[in-house]
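Okay, coords_33.pdb is below, PDB, C-alpha atoms:
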```pdb
ATOM      1  CA  MET A   1      -5.418  29.303  -4.922
ATOM      2  CA  LYS A   2      -7.084  27.555  -7.849
ATOM      3  CA  LEU A   3      -5.530  24.312  -9.086
ATOM      4  CA  VAL A   4      -6.273  23.068 -12.589
ATOM      5  CA  MET A   5      -5.443  20.446 -15.138
ATOM      6  CA  PHE A   6      -5.281  21.932 -18.627
ATOM      7  CA  ARG A   7      -4.412  21.146 -22.221
ATOM      8  CA  ASP A   8      -1.937  23.525 -23.856
ATOM      9  CA  PRO A   9      -2.083  24.649 -27.505
ATOM     10  CA  ARG A  10       0.031  21.632 -28.497
ATOM     11  CA  GLY A  11      -2.464  19.243 -26.911
ATOM     12  CA  GLU A  12      -0.273  18.317 -23.939
ATOM     13  CA  GLU A  13      -1.810  18.190 -20.452
ATOM     14  CA  HIS A  14      -0.302  19.835 -17.375
ATOM     15  CA  PRO A  15      -1.183  20.683 -13.797
ATOM     16  CA  GLY A  16      -1.311  24.403 -13.188
ATOM     17  CA  VAL A  17      -2.301  27.220 -10.873
ATOM     18  CA  VAL A  18      -4.528  30.122 -11.888
ATOM     19  CA  ASP A  19      -2.805  33.493 -11.648
ATOM     20  CA  GLY A  20      -5.215  36.264 -12.594
ATOM     21  CA  GLY A  21      -6.216  35.618 -16.198
ATOM     22  CA  ASP A  22      -3.326  33.216 -16.745
ATOM     23  CA  VAL A  23      -2.422  29.656 -15.846
ATOM     24  CA  VAL A  24       1.130  28.779 -14.741
ATOM     25  CA  THR A  25       2.349  25.191 -15.020
ATOM     26  CA  ILE A  26       3.428  23.404 -11.841
ATOM     27  CA  ASP A  27       6.804  21.749 -12.372
ATOM     28  CA  GLY A  28       7.850  18.421 -10.883
ATOM     29  CA  VAL A  29       4.478  16.645 -10.996
ATOM     30  CA  GLU A  30       2.387  15.224 -13.834
ATOM     31  CA  SER A  31      -1.067  15.858 -12.366
ATOM     32  CA  VAL A  32      -2.947  17.584  -9.583
ATOM     33  CA  ARG A  33      -3.553  14.194  -7.991
ATOM     34  CA  GLU A  34       0.208  13.582  -7.861
ATOM     35  CA  LEU A  35       0.617  17.053  -6.357
ATOM     36  CA  VAL A  36      -1.874  16.214  -3.593
ATOM     37  CA  GLU A  37      -0.196  12.875  -2.917
ATOM     38  CA  ARG A  38       3.388  14.213  -2.865
ATOM     39  CA  ASP A  39       2.993  17.821  -1.743
ATOM     40  CA  PRO A  40      -0.076  18.170   0.518
ATOM     41  CA  GLN A  41       0.892  21.749   1.448
ATOM     42  CA  PHE A  42       0.853  22.658  -2.275
ATOM     43  CA  SER A  43       4.252  24.364  -1.979
ATOM     44  CA  ARG A  44       5.043  23.582  -5.622
ATOM     45  CA  ALA A  45       1.830  25.336  -6.650
ATOM     46  CA  GLN A  46       2.450  28.317  -4.368
ATOM     47  CA  ASN A  47       5.877  28.757  -5.957
ATOM     48  CA  ALA A  48       4.901  27.784  -9.497
ATOM     49  CA  SER A  49       7.283  29.304 -12.017
ATOM     50  CA  GLY A  50       6.646  27.180 -15.088
ATOM     51  CA  ARG A  51       5.360  28.263 -18.450
ATOM     52  CA  ARG A  52       2.583  30.849 -18.401
ATOM     53  CA  TYR A  53      -0.489  30.611 -20.644
ATOM     54  CA  ALA A  54      -3.394  32.998 -21.097
ATOM     55  CA  MET A  55      -6.657  31.342 -20.074
ATOM     56  CA  GLU A  56      -8.036  31.696 -23.615
ATOM     57  CA  GLU A  57      -5.062  29.719 -24.973
ATOM     58  CA  ILE A  58      -5.786  26.571 -22.999
ATOM     59  CA  ARG A  59      -8.559  24.043 -22.454
ATOM     60  CA  LEU A  60      -9.434  23.149 -18.893
ATOM     61  CA  ARG A  61      -9.637  19.436 -18.143
ATOM     62  CA  PRO A  62     -11.194  17.732 -15.098
ATOM     63  CA  PRO A  63      -9.017  19.055 -12.257
ATOM     64  CA  ILE A  64      -8.479  15.618 -10.755
ATOM     65  CA  LYS A  65      -9.223  11.972 -11.422
ATOM     66  CA  PRO A  66      -9.420  10.570  -7.900
ATOM     67  CA  THR A  67      -8.782   7.015  -6.813
ATOM     68  CA  LYS A  68     -12.231   7.142  -5.227
ATOM     69  CA  LEU A  69     -15.127   9.492  -5.796
ATOM     70  CA  ILE A  70     -17.286   8.938  -2.738
ATOM     71  CA  HIS A  71     -20.839   9.942  -3.496
ATOM     72  CA  THR A  72     -23.202  11.158  -0.784
ATOM     73  CA  SER A  73     -26.979  11.543  -1.061
ATOM     74  CA  GLY A  74     -29.633  12.828   1.289
ATOM     75  CA  ASN A  75     -27.735  15.503   3.200
ATOM     76  CA  PHE A  76     -29.991  18.323   2.016
ATOM     77  CA  ARG A  77     -33.331  17.383   3.545
ATOM     78  CA  GLU A  78     -35.061  19.873   1.220
ATOM     79  CA  HIS A  79     -34.279  17.366  -1.548
ATOM     80  CA  GLU A  80     -35.944  14.591   0.431
ATOM     81  CA  GLU A  81     -38.980  16.811   1.037
ATOM     82  CA  GLU A  82     -39.427  17.541  -2.669
ATOM     83  CA  SER A  83     -39.306  13.806  -3.439
ATOM     84  CA  LYS A  84     -42.619  13.405  -1.561
ATOM     85  CA  VAL A  85     -44.384  15.372  -4.305
ATOM     86  CA  VAL A  86     -44.003  12.459  -6.718
ATOM     87  CA  ASN A  87     -44.297   9.534  -4.273
ATOM     88  CA  TRP A  88     -40.713   8.389  -4.802
ATOM     89  CA  SER A  89     -40.435   4.660  -4.244
ATOM     90  CA  HIS A  90     -37.984   4.882  -1.343
ATOM     91  CA  ALA A  91     -37.280   7.515   1.285
ATOM     92  CA  ILE A  92     -34.082   9.455   0.673
ATOM     93  CA  ALA A  93     -32.312   8.675   3.921
ATOM     94  CA  PRO A  94     -29.429  10.840   5.144
ATOM     95  CA  TRP A  95     -25.921   9.441   4.849
ATOM     96  CA  ILE A  96     -26.535   7.406   1.678
ATOM     97  CA  VAL A  97     -23.089   6.650   0.276
ATOM     98  CA  PHE A  98     -21.778   4.851  -2.793
ATOM     99  CA  PHE A  99     -18.825   5.041  -5.164
ATOM    100  CA  GLN A 100     -19.115   6.998  -8.400
ATOM    101  CA  ASN A 101     -17.560   5.771 -11.654
ATOM    102  CA  VAL A 102     -14.427   7.900 -12.031
ATOM    103  CA  ASP A 103     -14.259   7.060 -15.751
ATOM    104  CA  ALA A 104     -17.476   9.075 -16.199
ATOM    105  CA  ILE A 105     -15.747  12.299 -15.092
ATOM    106  CA  ILE A 106     -15.767  15.219 -17.529
ATOM    107  CA  GLY A 107     -14.569  18.783 -17.063
ATOM    108  CA  GLN A 108     -15.282  22.385 -17.948
ATOM    109  CA  ASP A 109     -17.044  22.837 -21.319
ATOM    110  CA  ASP A 110     -17.077  19.078 -21.981
ATOM    111  CA  ASP A 111     -20.282  17.643 -23.416
ATOM    112  CA  ILE A 112     -22.801  15.570 -21.479
ATOM    113  CA  VAL A 113     -23.817  12.914 -23.993
ATOM    114  CA  TYR A 114     -27.518  12.030 -23.891
ATOM    115  CA  PRO A 115     -27.797   8.218 -24.298
ATOM    116  CA  GLU A 116     -31.251   8.231 -25.900
ATOM    117  CA  HIS A 117     -31.193   4.444 -26.191
ATOM    118  CA  LEU A 118     -31.082   4.127 -22.377
ATOM    119  CA  THR A 119     -33.114   6.987 -20.900
ATOM    120  CA  THR A 120     -35.726   9.620 -21.636
ATOM    121  CA  GLU A 121     -35.413  11.319 -18.229
ATOM    122  CA  LEU A 122     -32.031  13.037 -17.931
ATOM    123  CA  ASP A 123     -31.732  15.161 -14.778
ATOM    124  CA  HIS A 124     -29.251  17.490 -13.083
ATOM    125  CA  GLU A 125     -28.072  17.626  -9.460
ATOM    126  CA  LEU A 126     -25.870  20.490  -8.258
ATOM    127  CA  GLU A 127     -23.431  19.532  -5.495
ATOM    128  CA  LEU A 128     -20.458  20.888  -3.577
ATOM    129  CA  ALA A 129     -17.531  18.448  -3.609
ATOM    130  CA  VAL A 130     -14.564  18.220  -1.255
ATOM    131  CA  LEU A 131     -10.989  17.217  -2.121
ATOM    132  CA  LEU A 132      -9.380  15.133   0.629
ATOM    133  CA  GLY A 133      -5.704  15.921   1.029
ATOM    134  CA  ARG A 134      -4.613  13.164   3.389
ATOM    135  CA  SER A 135      -4.966   9.417   3.868
ATOM    136  CA  GLY A 136      -6.775   8.125   6.906
ATOM    137  CA  ALA A 137      -9.708   6.224   8.353
ATOM    138  CA  PHE A 138     -11.972   6.117  11.412
ATOM    139  CA  LEU A 139     -11.717   9.852  11.993
ATOM    140  CA  ASP A 140     -13.443  11.897  14.654
ATOM    141  CA  GLU A 141     -15.075  15.200  13.772
ATOM    142  CA  GLU A 142     -12.333  17.258  15.408
ATOM    143  CA  GLU A 143      -9.635  15.953  13.061
ATOM    144  CA  ALA A 144     -11.819  15.579   9.965
ATOM    145  CA  GLU A 145     -11.672  19.242   8.945
ATOM    146  CA  SER A 146      -7.879  19.036   8.568
ATOM    147  CA  PHE A 147      -8.393  16.520   5.736
ATOM    148  CA  ILE A 148     -10.038  19.140   3.493
ATOM    149  CA  ALA A 149      -7.577  20.272   0.800
ATOM    150  CA  GLY A 150     -10.015  22.068  -1.489
ATOM    151  CA  TYR A 151     -13.466  22.450  -2.978
ATOM    152  CA  LEU A 152     -14.931  21.942  -6.424
ATOM    153  CA  ILE A 153     -18.310  21.604  -8.145
ATOM    154  CA  PHE A 154     -20.037  18.354  -9.068
ATOM    155  CA  ASN A 155     -23.110  17.928 -11.278
ATOM    156  CA  ASP A 156     -24.612  14.529 -10.530
ATOM    157  CA  ILE A 157     -26.286  13.752 -13.863
ATOM    158  CA  THR A 158     -28.975  11.094 -13.327
ATOM    159  CA  ALA A 159     -31.216   8.970 -15.545
ATOM    160  CA  ARG A 160     -34.377   9.041 -13.411
ATOM    161  CA  ASP A 161     -36.213   6.244 -15.230
ATOM    162  CA  ILE A 162     -33.257   3.921 -14.677
ATOM    163  CA  GLN A 163     -33.017   5.099 -11.080
ATOM    164  CA  ARG A 164     -36.643   4.212 -10.355
ATOM    165  CA  ARG A 165     -36.084   0.675 -11.625
ATOM    166  CA  GLU A 166     -32.873   0.305  -9.640
ATOM    167  CA  MET A 167     -34.537   1.583  -6.484
ATOM    168  CA  LYS A 168     -37.018  -1.273  -6.495
ATOM    169  CA  SER A 169     -34.158  -3.075  -4.801
ATOM    170  CA  GLY A 170     -33.393  -0.060  -2.616
ATOM    171  CA  VAL A 171     -30.054   0.730  -4.284
ATOM    172  CA  PHE A 172     -28.931   2.801  -7.253
ATOM    173  CA  SER A 173     -25.673   3.443  -9.096
ATOM    174  CA  PHE A 174     -25.883   2.678 -12.825
ATOM    175  CA  CYS A 175     -28.279   5.609 -13.339
ATOM    176  CA  LYS A 176     -25.564   8.037 -12.227
ATOM    177  CA  SER A 177     -22.463   6.341 -13.610
ATOM    178  CA  ILE A 178     -22.928   6.283 -17.397
ATOM    179  CA  GLN A 179     -20.160   7.883 -19.448
ATOM    180  CA  THR A 180     -20.082  11.742 -19.196
ATOM    181  CA  PHE A 181     -22.552  11.730 -16.271
ATOM    182  CA  CYS A 182     -19.954  13.154 -13.854
ATOM    183  CA  PRO A 183     -19.100  16.814 -14.614
ATOM    184  CA  LEU A 184     -16.468  17.950 -12.086
ATOM    185  CA  GLY A 185     -14.565  21.214 -11.830
ATOM    186  CA  PRO A 186     -13.866  23.757 -13.120
ATOM    187  CA  TRP A 187     -10.891  23.797 -10.733
ATOM    188  CA  ILE A 188      -9.998  23.018  -7.133
ATOM    189  CA  VAL A 189     -10.168  26.019  -4.796
ATOM    190  CA  THR A 190      -8.108  25.844  -1.604
ATOM    191  CA  PRO A 191      -9.823  26.437   1.753
ATOM    192  CA  ASP A 192      -8.174  29.819   2.338
ATOM    193  CA  GLU A 193     -10.119  31.267  -0.634
ATOM    194  CA  VAL A 194     -13.450  29.690   0.326
ATOM    195  CA  GLY A 195     -13.602  30.452   4.030
ATOM    196  CA  ASP A 196     -16.576  28.915   5.817
ATOM    197  CA  PRO A 197     -17.879  26.220   3.409
ATOM    198  CA  HIS A 198     -21.280  26.303   5.096
ATOM    199  CA  THR A 199     -22.110  29.820   3.828
ATOM    200  CA  LEU A 200     -22.012  29.332   0.047
ATOM    201  CA  ASP A 201     -24.735  30.334  -2.394
ATOM    202  CA  MET A 202     -25.477  27.465  -4.827
ATOM    203  CA  ARG A 203     -27.261  27.870  -8.183
ATOM    204  CA  LEU A 204     -27.867  25.734 -11.249
ATOM    205  CA  THR A 205     -29.296  27.170 -14.461
ATOM    206  CA  VAL A 206     -30.407  25.555 -17.717
ATOM    207  CA  ASN A 207     -30.253  27.887 -20.716
ATOM    208  CA  GLY A 208     -30.055  30.756 -18.240
ATOM    209  CA  ASP A 209     -33.192  29.739 -16.317
ATOM    210  CA  LEU A 210     -32.706  29.129 -12.604
ATOM    211  CA  ARG A 211     -33.537  25.512 -11.693
ATOM    212  CA  GLN A 212     -31.773  24.902  -8.372
ATOM    213  CA  HIS A 213     -30.938  27.460  -5.683
ATOM    214  CA  SER A 214     -29.911  26.878  -2.090
ATOM    215  CA  PHE A 215     -27.085  27.410   0.398
ATOM    216  CA  SER A 216     -24.440  24.981   1.576
ATOM    217  CA  GLY A 217     -25.498  25.699   5.152
ATOM    218  CA  ASN A 218     -28.776  23.897   4.458
ATOM    219  CA  MET A 219     -26.982  20.557   4.739
ATOM    220  CA  SER A 220     -28.326  18.600   7.671
ATOM    221  CA  VAL A 221     -24.753  17.839   8.780
ATOM    222  CA  THR A 222     -21.483  19.761   8.796
ATOM    223  CA  LEU A 223     -18.622  18.818   6.502
ATOM    224  CA  PRO A 224     -16.477  17.530   9.404
ATOM    225  CA  GLU A 225     -19.405  15.333  10.476
ATOM    226  CA  LEU A 226     -19.783  14.039   6.926
ATOM    227  CA  ILE A 227     -16.067  13.331   6.469
ATOM    228  CA  ALA A 228     -15.864  11.573   9.834
ATOM    229  CA  HIS A 229     -19.011   9.544   9.136
ATOM    230  CA  HIS A 230     -17.708   8.132   5.842
ATOM    231  CA  SER A 231     -14.122   7.684   7.031
ATOM    232  CA  PRO A 232     -14.422   3.940   7.831
ATOM    233  CA  LEU A 233     -14.281   3.519   4.032
ATOM    234  CA  GLY A 234     -10.681   4.735   4.222
ATOM    235  CA  TYR A 235      -9.467   7.863   2.454
ATOM    236  CA  SER A 236      -6.508   8.253   0.135
ATOM    237  CA  ALA A 237      -4.942  11.623  -0.596
ATOM    238  CA  GLY A 238      -6.705  12.941  -3.691
ATOM    239  CA  ASP A 239     -10.075  11.297  -3.061
ATOM    240  CA  VAL A 240     -13.180  13.396  -3.710
ATOM    241  CA  LEU A 241     -16.279  13.370  -1.501
ATOM    242  CA  THR A 242     -19.570  14.813  -2.751
ATOM    243  CA  THR A 243     -22.083  16.308  -0.346
ATOM    244  CA  GLY A 244     -25.554  15.794  -1.865
ATOM    245  CA  THR A 245     -27.815  17.891  -4.038
ATOM    246  CA  VAL A 246     -30.229  20.695  -3.210
ATOM    247  CA  SER A 247     -33.897  21.008  -4.124
ATOM    248  CA  GLY A 248     -35.045  21.879  -7.633
ATOM    249  CA  VAL A 249     -34.246  18.756  -9.631
ATOM    250  CA  ALA A 250     -36.505  17.996 -12.605
ATOM    251  CA  GLY A 251     -37.471  14.491 -11.525
ATOM    252  CA  PHE A 252     -39.235  15.647  -8.361
ATOM    253  CA  LYS A 253     -41.579  18.079 -10.089
ATOM    254  CA  GLU A 254     -45.202  17.095 -10.778
ATOM    255  CA  ASP A 255     -44.663  17.916 -14.467
ATOM    256  CA  ALA A 256     -41.170  16.401 -14.529
ATOM    257  CA  GLN A 257     -41.082  15.546 -18.234
ATOM    258  CA  LYS A 258     -41.211  19.250 -19.057
ATOM    259  CA  TRP A 259     -38.011  19.921 -17.100
ATOM    260  CA  TYR A 260     -35.683  17.072 -18.007
ATOM    261  CA  LEU A 261     -32.497  17.956 -19.859
ATOM    262  CA  GLN A 262     -32.521  17.796 -23.654
ATOM    263  CA  PRO A 263     -29.819  17.916 -26.343
ATOM    264  CA  GLY A 264     -28.797  21.516 -26.884
ATOM    265  CA  ASP A 265     -29.284  22.552 -23.246
ATOM    266  CA  ALA A 266     -26.529  24.607 -21.615
ATOM    267  CA  VAL A 267     -26.108  23.776 -17.922
ATOM    268  CA  GLU A 268     -24.240  26.059 -15.521
ATOM    269  CA  CYS A 269     -23.487  25.155 -11.911
ATOM    270  CA  ALA A 270     -22.298  28.068  -9.772
ATOM    271  CA  ILE A 271     -21.119  27.918  -6.166
ATOM    272  CA  GLU A 272     -20.074  31.108  -4.451
ATOM    273  CA  ARG A 273     -16.294  31.477  -4.027
ATOM    274  CA  VAL A 274     -15.738  28.209  -5.888
ATOM    275  CA  GLY A 275     -16.646  29.015  -9.493
ATOM    276  CA  THR A 276     -18.942  28.093 -12.359
ATOM    277  CA  LEU A 277     -18.974  24.705 -14.089
ATOM    278  CA  ARG A 278     -20.365  24.792 -17.647
ATOM    279  CA  ASN A 279     -21.465  21.840 -19.777
ATOM    280  CA  ARG A 280     -23.676  21.350 -22.811
ATOM    281  CA  VAL A 281     -25.987  18.406 -23.412
ATOM    282  CA  VAL A 282     -25.530  16.817 -26.849
ATOM    283  CA  SER A 283     -27.340  14.032 -28.642
ATOM    284  CA  TRP A 284     -25.833  10.626 -29.256
ATOM    285  CA  GLN A 285     -25.766  11.458 -32.965
ATOM    286  CA  GLU A 286     -23.768  14.647 -32.414
ATOM    287  CA  ALA A 287     -21.315  12.951 -30.072
ATOM    288  CA  HIS A 288     -20.724   9.753 -32.039
ATOM    289  CA  GLY A 289     -21.708  10.558 -35.607
ATOM    290  CA  THR A 290     -24.185   7.687 -35.741
ATOM    291  CA  PRO A 291     -27.801   7.270 -34.607
ATOM    292  CA  PRO A 292     -28.261   5.807 -31.123
ATOM    293  CA  PRO A 293     -28.773   2.046 -30.824
ATOM    294  CA  PRO A 294     -32.317   0.743 -30.380
ATOM    295  CA  PHE A 295     -33.880   1.681 -27.057
ATOM    296  CA  ARG A 296     -33.104  -0.767 -24.283
ATOM    297  CA  GLU A 297     -34.894  -0.663 -20.959
ATOM    298  CA  TRP A 298     -32.067  -1.174 -18.553
TER     299      TRP A 298
END
```

Written as structure tokens, how would this file's structure read?
Amino acid sequence: MKLVMFRDPRGEEHPGVVDGGDVVTIDGVESVRELVERDPQFSRAQNASGRRYAMEEIRLRPPIKPTKLIHTSGNFREHEEESKVVNWSHAIAPWIVFFQNVDAIIGQDDDIVYPEHLTTELDHELELAVLLGRSGAFLDEEEAESFIAGYLIFNDITARDIQRREMKSGVFSFCKSIQTFCPLGPWIVTPDEVGDPHTLDMRLTVNGDLRQHSFSGNMSVTLPELIAHHSPLGYSAGDVLTTGTVSGVAGFKEDAQKWYLQPGDAVECAIERVGTLRNRVVSWQEAHGTPPPPFREW
């Protein structure tokens, strides 16, 4: 089952379930997050009988705006290995965790706005994300898997020049949390459609050129281990946990400047049995109708 938030032809937003080439509204709830909180078995979605729309009639929105988006870095050790090429200032340790800015979330076909007054090194990071369907804390690995309610795609857009300055203190967050830097979607796929989440092909392309390619099984930990490890933070139903990026980012190439994202680029993130998340990079001028402010080194 694929759960979505969408905007109908009148501009109103609804939760829905994908049925072939259509989307059917889910009655009785205002959002997918409310569905997760009130109906963790998704019975309303399984029995959805609301208004039906053809996919081409509607506009997909971010499938969920979680209370917490718990960001993980360092799980794919191939990403840490590639960082050694450019003498990154700090080792990318496993289990790095921080909270993402949920107000930076965008969805399918939304624009990533390039803030030229803040960065000249805009990068992509393909990640598998997990929807948590229950509240809880201090979990063991045996019970952690039962907290998984679905999967979705996350593109961790990063301003590398800001990140390098932040990492002088050993921490980073601002570089990943600027408005539109959090593409998430295109929908939430329930575990029965995904099967083993450790066997998924993962690809990111820019203008059709393959930039990142790996497999979810290359994580250094399993998803139950990851969920249990971060659980002292406390989970709420509807939280989203990201799992770290794979190798192939622009910033860890010797000729990095050649590979950074630019206005006009079309970015596609594809994860097997989950879907494809599409976003375009646009200039500040195109997004806001005015030139960017003077450059400010953050």

Convert the output of the PyMOL selection byres ((chain A and resi 157-168) around 9) on the shown file into explicit residues, formatted as a short mmCIF file (atom, residue, chain, number, x, y, z; two decimals) with C-alpha atoms, keeping the file's coordinate frame.
```
data_model
loop_
_atom_site.label_atom_id
_atom_site.label_comp_id
_atom_site.auth_asym_id
_atom_site.auth_seq_id
_atom_site.Cartn_x
_atom_site.Cartn_y
_atom_site.Cartn_z
CA TRP A 88 -40.71 8.39 -4.80
CA SER A 89 -40.44 4.66 -4.24
CA HIS A 90 -37.98 4.88 -1.34
CA ILE A 112 -22.80 15.57 -21.48
CA LEU A 118 -31.08 4.13 -22.38
CA THR A 119 -33.11 6.99 -20.90
CA THR A 120 -35.73 9.62 -21.64
CA GLU A 121 -35.41 11.32 -18.23
CA LEU A 122 -32.03 13.04 -17.93
CA ASP A 123 -31.73 15.16 -14.78
CA HIS A 124 -29.25 17.49 -13.08
CA GLU A 125 -28.07 17.63 -9.46
CA LEU A 126 -25.87 20.49 -8.26
CA ASN A 155 -23.11 17.93 -11.28
CA ASP A 156 -24.61 14.53 -10.53
CA SER A 169 -34.16 -3.08 -4.80
CA GLY A 170 -33.39 -0.06 -2.62
CA VAL A 171 -30.05 0.73 -4.28
CA PHE A 172 -28.93 2.80 -7.25
CA SER A 173 -25.67 3.44 -9.10
CA PHE A 174 -25.88 2.68 -12.82
CA CYS A 175 -28.28 5.61 -13.34
CA LYS A 176 -25.56 8.04 -12.23
CA SER A 177 -22.46 6.34 -13.61
CA ILE A 178 -22.93 6.28 -17.40
CA THR A 180 -20.08 11.74 -19.20
CA PHE A 181 -22.55 11.73 -16.27
CA CYS A 182 -19.95 13.15 -13.85
CA PRO A 183 -19.10 16.81 -14.61
CA GLY A 251 -37.47 14.49 -11.52
CA GLU A 297 -34.89 -0.66 -20.96
CA TRP A 298 -32.07 -1.17 -18.55
#
```

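The spacing separating CA of Glu141 (chain A) from CA of Ala228 (chain A) amounts to 5.4 Å.
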
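Closest approach to Leu261 (chain A) from the set A:Ile148, A:Val113, A:Met202, A:Ala137 is made by A:Val113, with distances taken over all atoms listed in the file.
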
Problem set entry | Who sits within 9 Å of Gln108 (chain A), all atoms listed in the file, same chain under 6 positions skipped, as a list in words |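 In the requested form, the answer reads Arg59, Leu60, Arg61, Pro62, Pro183, Leu184, Gly185, Pro186, Trp187, Thr276, Leu277, Arg278 and Asn279 of chain A.
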
Exercise. Taking all atoms listed in the file into account, which of A:Val97, A:Met1, A:Leu139, A:Val102 comes nearest Gly74 (chain A)?
Worked result: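 Of all the options, A:Val97 lies closest to Gly74 (chain A).
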
Exercise. Which distance in Å separates CA of Gly150 (chain A) and CA of Glu57 (chain A), to one decimal?
Worked result: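 Separation of CA of Gly150 (chain A) and CA of Glu57 (chain A): 25.2 Å.
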
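Within the file as shown, the PyMOL selection byres ((chain A and resi 22) around 8) identifies A:Val18, A:Asp19, A:Gly20, A:Gly21, A:Val23, A:Val24, A:Arg52, A:Tyr53, A:Ala54, A:Met55.
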
For this session: Can you work out the spacing between CA of Pro191 (chain A) and CA of Arg211 (chain A) in Å, to one decimal?
Result: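 Separation between CA of Pro191 (chain A) and CA of Arg211 (chain A): 27.3 Å.
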
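Summary of the local environment: counting all atoms listed in the file, residues at most 9 Å from Gly248 (chain A), other than itself and those fewer than 4 positions away along its chain, are His79, Glu82, Glu125, Leu204, Arg211, Gln212, His213, Phe252 and Lys253 of chain A.
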
Can you spit out the residues from that selection as a JSON list (two decimals), keeping the file's coordinate frame, using C-alpha atoms?
```json
[["chain", "number", "residue", "atom", "x", "y", "z"],
["A", 79, "HIS", "CA", -34.28, 17.37, -1.55],
["A", 82, "GLU", "CA", -39.43, 17.54, -2.67],
["A", 125, "GLU", "CA", -28.07, 17.63, -9.46],
["A", 204, "LEU", "CA", -27.87, 25.73, -11.25],
["A", 211, "ARG", "CA", -33.54, 25.51, -11.69],
["A", 212, "GLN", "CA", -31.77, 24.90, -8.37],
["A", 213, "HIS", "CA", -30.94, 27.46, -5.68],
["A", 252, "PHE", "CA", -39.24, 15.65, -8.36],
["A", 253, "LYS", "CA", -41.58, 18.08, -10.09]]
```

For this session: Identify all residues satisfying the PyMOL selection byres ((chain A and resi 63-71) around 8) in the given file; provide them as number ranges by chain.
Result: A: 3-6, 31-33, 60-62, 72-73, 97-102, 105, 107, 184-188, 236, 238-244

Exercise. Hey, what's within 10 Å of Gly208 (chain A) if we count only C-alpha atoms and toss same-chain stuff fewer than 5 positions away? As a list in words, please?
Worked result: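 Non-adjacent residues within range: Asp265, Ala266, Val267 and Glu268 of chain A.
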
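Proximity to Arg38 (chain A) was assessed for A:Ala250, A:Met219, A:Leu152, A:Ala237 counting all atoms listed in the file; the smallest distance is recorded for A:Ala237.
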
Problem set entry | Selected residue of minimal separation from Asp111 (chain A) among A:Ile26, A:Val282, A:Pro293, A:Thr190, counting all atoms listed in the file |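 Counting all atoms listed in the file, the residue closest to Asp111 (chain A) is A:Val282.
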